[in-house]
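Novice: Pasting run.cif below, which is mmCIF, C-alpha atoms and all ligand atoms.
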```
data_entry
loop_
_atom_site.label_atom_id
_atom_site.label_comp_id
_atom_site.auth_asym_id
_atom_site.auth_seq_id
_atom_site.Cartn_x
_atom_site.Cartn_y
_atom_site.Cartn_z
CA MET K 1 -19.60 19.75 -40.47
CA LYS K 2 -17.22 20.40 -37.65
CA ASP K 3 -16.42 24.03 -36.97
CA THR K 4 -12.82 24.56 -37.90
CA THR K 5 -12.63 28.24 -37.07
CA ARG K 6 -9.37 29.08 -35.42
CA ILE K 7 -8.19 32.26 -33.78
CA CYS K 8 -4.72 33.69 -34.27
CA LYS K 9 -2.75 33.44 -31.03
CA ILE K 10 -1.04 36.75 -31.70
CA CYS K 11 -3.72 39.16 -32.99
CA PHE K 12 -6.83 37.14 -31.97
CA ASN K 13 -8.35 37.53 -35.43
CA LYS K 14 -10.00 34.64 -37.22
CA ILE K 15 -7.70 32.48 -39.31
CA TYR K 16 -9.10 32.08 -42.79
CA THR K 17 -8.46 28.70 -44.28
CA ASN K 18 -8.22 30.03 -47.79
CA ASN K 19 -5.06 28.31 -48.88
CA ILE K 20 -3.74 24.76 -49.01
CA HIS K 21 -1.29 25.27 -46.17
CA SER K 22 -3.91 26.51 -43.71
CA LEU K 23 -6.31 23.75 -44.76
CA LEU K 24 -3.74 21.04 -44.21
CA TYR K 25 -2.10 22.26 -41.05
CA ASN K 26 -3.43 23.70 -37.86
CA GLU K 27 -1.13 26.64 -37.70
CA PRO K 28 -1.74 28.85 -34.65
CA ILE K 29 -1.18 32.23 -36.30
CA CYS K 30 -2.71 34.10 -39.22
CA SER K 31 -0.88 34.88 -42.43
CA LYS K 32 -0.74 38.59 -41.62
CA CYS K 33 1.09 37.96 -38.34
CA LEU K 34 3.38 35.47 -40.03
CA LYS K 35 4.28 38.08 -42.61
CA GLU K 36 5.09 40.60 -39.88
CA LEU K 37 7.33 38.10 -38.16
CA ASN K 38 9.16 37.74 -41.45
CA PRO K 39 10.45 34.17 -41.71
CA VAL K 40 13.77 34.13 -43.52
CA PHE K 41 15.20 30.63 -42.99
CA LYS K 42 18.67 32.03 -42.96
CA LYS K 43 21.60 29.62 -42.98
CA PHE K 44 24.75 30.49 -41.09
CA LYS K 45 27.60 28.71 -39.38
CA ILE K 46 28.91 28.52 -35.84
CA GLU K 47 32.44 27.16 -36.09
CA ASP K 48 31.80 24.60 -38.82
CA VAL K 49 28.35 23.59 -37.59
CA GLU K 50 25.37 24.25 -39.86
CA ALA K 51 22.88 26.61 -38.27
CA LEU K 52 19.45 27.85 -39.27
CA ALA K 53 17.57 30.95 -38.14
CA ILE K 54 13.84 30.82 -38.82
CA PHE K 55 13.21 34.55 -38.45
CA GLU K 56 15.22 37.70 -38.60
CA TYR K 57 15.20 39.48 -35.26
CA ASN K 58 12.83 42.42 -35.56
CA GLU K 59 10.62 44.51 -33.26
CA VAL K 60 7.58 42.27 -33.69
CA LEU K 61 9.53 39.20 -32.68
CA LYS K 62 11.30 41.00 -29.86
CA LYS K 63 7.94 42.00 -28.38
CA LEU K 64 6.53 38.52 -28.79
CA ILE K 65 9.47 36.81 -27.11
CA TYR K 66 9.30 39.31 -24.26
CA GLN K 67 5.58 38.61 -23.87
CA PHE K 68 6.29 34.89 -23.81
CA LYS K 69 9.24 34.65 -21.48
CA GLY K 70 9.08 37.94 -19.62
CA CYS K 71 5.33 38.14 -19.08
CA LEU K 72 4.91 34.35 -18.95
CA ASP K 73 2.31 34.24 -21.71
CA TYR K 74 2.61 30.48 -22.05
CA GLU K 75 -0.04 30.29 -24.78
CA LEU K 76 2.48 31.82 -27.16
CA LYS K 77 4.82 28.84 -27.03
CA ASP K 78 3.58 27.47 -30.35
CA VAL K 79 3.52 30.67 -32.36
CA PHE K 80 7.21 30.63 -33.15
CA ILE K 81 7.66 27.48 -35.16
CA ALA K 82 4.32 25.73 -35.45
CA TYR K 83 3.63 27.25 -38.85
CA PHE K 84 6.62 25.31 -40.17
CA ASN K 85 6.18 22.26 -38.00
CA ASN K 86 5.96 19.73 -40.79
CA GLU K 87 8.92 21.08 -42.71
CA LEU K 88 11.08 21.25 -39.59
CA LYS K 89 9.98 17.82 -38.38
CA GLU K 90 11.16 16.37 -41.66
CA LYS K 91 14.43 18.29 -41.61
CA TYR K 92 15.31 17.30 -38.04
CA LYS K 93 13.91 13.78 -37.97
CA ASN K 94 15.68 11.58 -35.38
CA TYR K 95 17.53 14.46 -33.74
CA TYR K 96 17.70 15.08 -29.99
CA ILE K 97 17.13 18.62 -28.81
CA LEU K 98 19.86 20.16 -26.66
CA PRO K 99 18.56 23.51 -25.43
CA ILE K 100 20.94 26.37 -24.68
CA PRO K 101 20.41 26.57 -20.92
CA SER K 102 19.06 29.36 -18.84
CA PHE K 103 19.85 29.33 -15.14
CA LYS K 104 17.88 26.45 -13.57
CA GLU K 105 16.46 28.55 -10.73
CA LYS K 106 15.03 30.92 -13.31
CA ASP K 107 13.29 28.08 -15.15
CA LEU K 108 11.80 26.88 -11.88
CA LYS K 109 10.60 30.35 -11.03
CA ARG K 110 9.15 30.82 -14.51
CA GLY K 111 7.62 27.35 -14.46
CA PHE K 112 9.02 26.39 -17.86
CA ASN K 113 12.17 26.51 -19.93
CA GLN K 114 11.41 28.85 -22.80
CA VAL K 115 13.66 27.20 -25.36
CA GLU K 116 12.26 23.71 -24.70
CA GLU K 117 8.72 25.05 -24.99
CA MET K 118 9.33 26.99 -28.19
CA PHE K 119 10.52 23.84 -29.93
CA SER K 120 8.13 21.43 -28.21
CA SER K 121 5.79 21.17 -31.19
CA LEU K 122 8.54 19.29 -33.05
CA LYS K 123 7.93 16.42 -30.59
CA LEU K 124 11.62 15.57 -30.50
CA PRO K 125 13.22 14.05 -27.40
CA VAL K 126 14.91 16.69 -25.23
CA LEU K 127 18.25 16.20 -23.48
CA LYS K 128 17.29 17.98 -20.29
CA ASP K 129 19.94 19.46 -18.02
CA VAL K 130 22.77 17.97 -20.07
CA LEU K 131 24.09 21.44 -20.75
CA MET K 132 23.69 23.65 -17.69
CA LYS K 133 24.50 27.13 -16.52
CA LYS K 134 26.62 27.34 -13.36
CA LYS K 135 25.45 30.74 -12.23
CA ASP K 136 22.93 33.37 -13.15
CA ASP K 137 24.50 35.78 -15.59
CA ASN K 138 22.32 38.39 -17.16
CA GLN K 139 23.63 38.18 -20.72
CA HIS K 140 21.56 41.11 -21.87
CA LEU K 141 23.21 43.43 -19.36
CA LYS K 142 26.64 42.56 -20.63
CA SER K 143 28.88 44.11 -23.21
CA TYR K 144 29.70 42.25 -26.38
CA VAL K 145 33.18 41.51 -25.06
CA GLU K 146 31.88 40.11 -21.77
CA ARG K 147 29.34 37.99 -23.58
CA THR K 148 32.05 36.03 -25.31
CA LYS K 149 33.18 34.62 -21.95
CA VAL K 150 29.97 32.61 -21.51
CA LYS K 151 31.76 29.28 -21.98
CA ASP K 152 33.15 29.38 -18.42
CA ASN K 153 29.58 29.44 -17.15
CA PHE K 154 28.42 26.33 -19.06
CA LEU K 155 28.77 22.79 -17.82
CA VAL K 156 28.19 19.42 -19.55
CA THR K 157 26.67 17.15 -16.92
CA ASN K 158 26.43 13.96 -18.97
CA LYS K 159 28.90 13.43 -21.77
CA GLU K 160 27.99 9.81 -22.46
CA ILE K 161 24.39 10.62 -23.34
CA LEU K 162 25.60 12.62 -26.35
CA ARG K 163 27.18 9.54 -27.96
CA ASN K 164 25.50 7.91 -30.97
CA LYS K 165 22.87 10.62 -31.19
CA LYS K 166 22.13 13.30 -33.73
CA ILE K 167 22.18 16.50 -31.72
CA LEU K 168 20.21 19.65 -32.46
CA ILE K 169 21.28 22.66 -30.40
CA CYS K 170 18.29 24.99 -29.98
CA ASP K 171 18.07 28.58 -28.80
CA ASP K 172 15.63 31.46 -29.00
CA ILE K 173 17.79 34.37 -30.18
CA CYS K 174 21.28 34.34 -31.59
CA THR K 175 22.69 37.75 -30.73
CA THR K 176 26.47 37.52 -30.73
CA GLY K 177 26.59 33.76 -31.22
CA SER K 178 28.65 33.39 -28.02
CA SER K 179 26.31 30.94 -26.31
CA LEU K 180 26.04 28.77 -29.40
CA LYS K 181 29.78 28.81 -29.89
CA ALA K 182 30.35 27.89 -26.25
CA ALA K 183 27.88 25.00 -26.55
CA VAL K 184 29.52 23.73 -29.73
CA ASP K 185 33.00 23.92 -28.20
CA LEU K 186 31.91 22.05 -25.09
CA ILE K 187 29.90 19.23 -26.59
CA LYS K 188 31.62 18.63 -29.93
CA PRO K 189 34.26 16.28 -28.51
CA TYR K 190 31.48 13.94 -27.37
CA VAL K 191 29.20 14.06 -30.42
CA ASN K 192 30.14 11.32 -32.86
CA LYS K 193 27.08 11.74 -35.07
CA ASP K 194 25.52 14.77 -36.69
CA LEU K 195 25.42 18.15 -34.95
CA LYS K 196 23.17 21.00 -36.08
CA ILE K 197 21.85 24.28 -34.72
CA VAL K 198 18.44 25.92 -35.04
CA VAL K 199 17.38 29.24 -33.54
CA ILE K 200 14.12 31.14 -33.64
CA ALA K 201 15.80 34.36 -34.71
CA LYS K 202 19.17 35.79 -35.52
CA ARG K 203 20.06 39.36 -34.86
CA GLU K 204 21.89 41.13 -37.66
CA PHE K 205 24.10 44.11 -37.00
CA SER K 206 24.66 47.18 -39.12
CA LYS K 207 28.20 48.38 -39.87
CA ASP K 208 27.69 51.12 -37.32
CA GLU K 209 26.63 48.72 -34.60
CA LEU K 210 29.52 46.40 -35.40
CA GLU K 211 31.93 49.28 -34.80
CA LYS K 212 30.25 50.14 -31.50
CA ILE K 213 30.17 46.64 -30.07
CA LYS K 214 33.93 46.41 -30.20
CA ASP K 215 33.89 48.94 -27.38
CA LYS K 216 34.20 47.10 -24.06
CA ARG K 217 31.55 49.26 -22.42
CA PHE K 218 28.92 48.95 -25.13
CA VAL K 219 25.83 47.13 -23.92
CA LEU K 220 23.40 45.72 -26.48
CA SER K 221 19.84 46.89 -26.07
ZN ZN K 301 -2.70 37.21 -36.45
#
```
Please lay out the structure from this file as structure tokens.
Specialist:
Amino acid sequence: MKDTTRICKICFNKIYTNNIHSLLYNEPICSKCLKELNPVFKKFKIEDVEALAIFEYNEVLKKLIYQFKGCLDYELKDVFIAYFNNELKEKYKNYYILPIPSFKEKDLKRGFNQVEEMFSSLKLPVLKDVLMKKKDDNQHLKSYVERTKVKDNFLVTNKEILRNKKILICDDICTTGSSLKAAVDLIKPYVNKDLKIVVIAKREFSKDELEKIKDKRFVLS
């Protein structure tokens, strides 16, 4: 019999194939790590476009995303959605992925585009460089108010390619929703078929935080 022992890509412990799901699918993380990541499959809307967040943004996920895109731990690319690969493949069958862009030079320096890689296990065609960023703007150093101006920094390079396709806008974290909203505003006039959004995680704000972020100077940590 072939050895089917697998190691969790997050905690490096052995993955026990003691349930149907783990027997059927080759998920890259153990059930304990999955539980810590806390998948919520939360539905929300950007304008009138249906959006789905797989996880709620928490410390575990924050650390993991930092390890992946900040420390270039490329092996982690599959840990975010692979556990739900089959479900998501079914849900987004025949869609084309349109990643929320990062600045091209940054992708080149990093060697990969993190959003494309995080969703790569879906094996969907990717509309590369159709939505681009004009200049490097460090969103995370900006205040909530400044973040909402992101639209001016996005550019649609090929409008025609969006025609007659089902488009799935993908991003890693939805913080204020500004990038997603900007993308929807820019491409919607050219999408004549279905348009949907999926993100790895959505950040939720407490009442207190919501009050604070109205302040022009408040920078999200
Ligand atoms: Zn684990």
Novice: Measure the distance from atom CA of K:Ile54 to atom CA of K:Pro189 in Å and round it to one decimal.
Specialist: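 Atom-to-atom, atom CA of K:Ile54 to atom CA of K:Pro189, that is 27.1 Å.
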Novice: Between chain K and ligand ZN 301 (chain K), at 9 Å or less, what are the per-residue closest atom pairs and their distances in Å? Count all atoms listed in the file, order by chain and rising residue number, and return it as a Markdown table.
Specialist:
```
| residue | atom | partner | partner_atom | distance |
| --- | --- | --- | --- | --- |
| K:Ile7 | CA | K:ZN301 | ZN | 7.9 |
| K:Cys8 | CA | K:ZN301 | ZN | 4.6 |
| K:Lys9 | CA | K:ZN301 | ZN | 6.6 |
| K:Ile10 | CA | K:ZN301 | ZN | 5.1 |
| K:Cys11 | CA | K:ZN301 | ZN | 4.1 |
| K:Phe12 | CA | K:ZN301 | ZN | 6.1 |
| K:Asn13 | CA | K:ZN301 | ZN | 5.8 |
| K:Lys14 | CA | K:ZN301 | ZN | 7.8 |
| K:Ile15 | CA | K:ZN301 | ZN | 7.5 |
| K:Pro28 | CA | K:ZN301 | ZN | 8.6 |
| K:Ile29 | CA | K:ZN301 | ZN | 5.2 |
| K:Cys30 | CA | K:ZN301 | ZN | 4.2 |
| K:Ser31 | CA | K:ZN301 | ZN | 6.7 |
| K:Lys32 | CA | K:ZN301 | ZN | 5.7 |
| K:Cys33 | CA | K:ZN301 | ZN | 4.3 |
| K:Leu34 | CA | K:ZN301 | ZN | 7.3 |
```
Novice: Report as a tab-separated table: every residue of stretch 16-114 of chain K with an atom at most 7 Å from stretch 168-182 of chain K, its closest pair of atoms, and their distance in Å to one decimal, counting all atoms listed in the file, with rows sorted by chain and ascending residue number.
Specialist:
```
residue	atom	partner	partner_atom	distance
K:Ile46	CA	K:Lys181	CA	6.0
K:Glu47	CA	K:Lys181	CA	6.9
K:Tyr95	CA	K:Leu168	CA	6.0
K:Tyr96	CA	K:Leu168	CA	5.8
K:Ile97	CA	K:Leu168	CA	4.9
K:Leu98	CA	K:Ile169	CA	4.7
K:Pro99	CA	K:Cys170	CA	4.8
K:Ile100	CA	K:Asp171	CA	5.5
```
Novice: Out of K:Glu117, K:Glu27, K:Glu146, K:Asp129, which residue has the shortest atom-to-atom distance to K:Lys159 when counting only C-alpha atoms?
Specialist: K:Asp129
Novice: Looking at K:Asn153, K:Gln114, K:Ser121, K:Asn38, which one is nearest to K:Asn85, with distances taken over all atoms listed in the file?
Specialist: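 The shortest atom-to-atom distance to K:Asn85 comes from K:Ser121.
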Novice: Could you tell me how far atom CA of K:Asp194 sits from atom CA of K:Val130, in Å to one decimal place?
Specialist: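 Separation of atom CA of K:Val130 and atom CA of K:Asp194: 17.1 Å.
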Novice: Find the residues around K:Glu59 up to 12 Å (only C-alpha atoms counted), leave out those fewer than 2 positions away in its own chain, and share them as a list in words.
Specialist: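 Residues near the query, excluding close chain neighbours: Glu36, Leu37, Asn38, Phe55, Glu56, Tyr57, Leu61, Lys62, Lys63, Leu64, Ile65, Tyr66, Ala201, Arg203 and Ser221 of chain K.
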Novice: May I have the residues within 10 Å of K:Phe112 as number ranges by chain, using all atoms listed in the file and disregarding those fewer than 4 positions away in the same chain?
Specialist: K: 69, 72, 74, 104, 106-108, 116-117
Novice: Calculate how many Å separate atom CA of K:Asn113 from atom CA of K:Lys35, rounding to one decimal.
Specialist: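 Between atom CA of K:Asn113 and atom CA of K:Lys35 the gap is 26.7 Å.
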Novice: I need the residue nearest K:Pro125 from this list: K:Tyr92, K:Lys202, K:Tyr83, K:Ser143. Use all atoms listed in the file for the distance.
Specialist: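 Once distances to K:Pro125 are computed over all atoms listed in the file, the minimum belongs to K:Tyr92.
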Novice: Which one is closest to K:Val115: K:Lys43, K:Val198, K:Asn158, K:Tyr190? Count only C-alpha atoms.
Specialist: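 Comparing K:Lys43, K:Val198, K:Asn158, K:Tyr190 against K:Val115, the winner is K:Val198.
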Novice: Given the choices K:Lys149, K:Lys109, K:Lys89, K:Arg6, which gets closest to K:Lys123 if the distance is worked out from only C-alpha atoms?
Specialist: K:Lys89
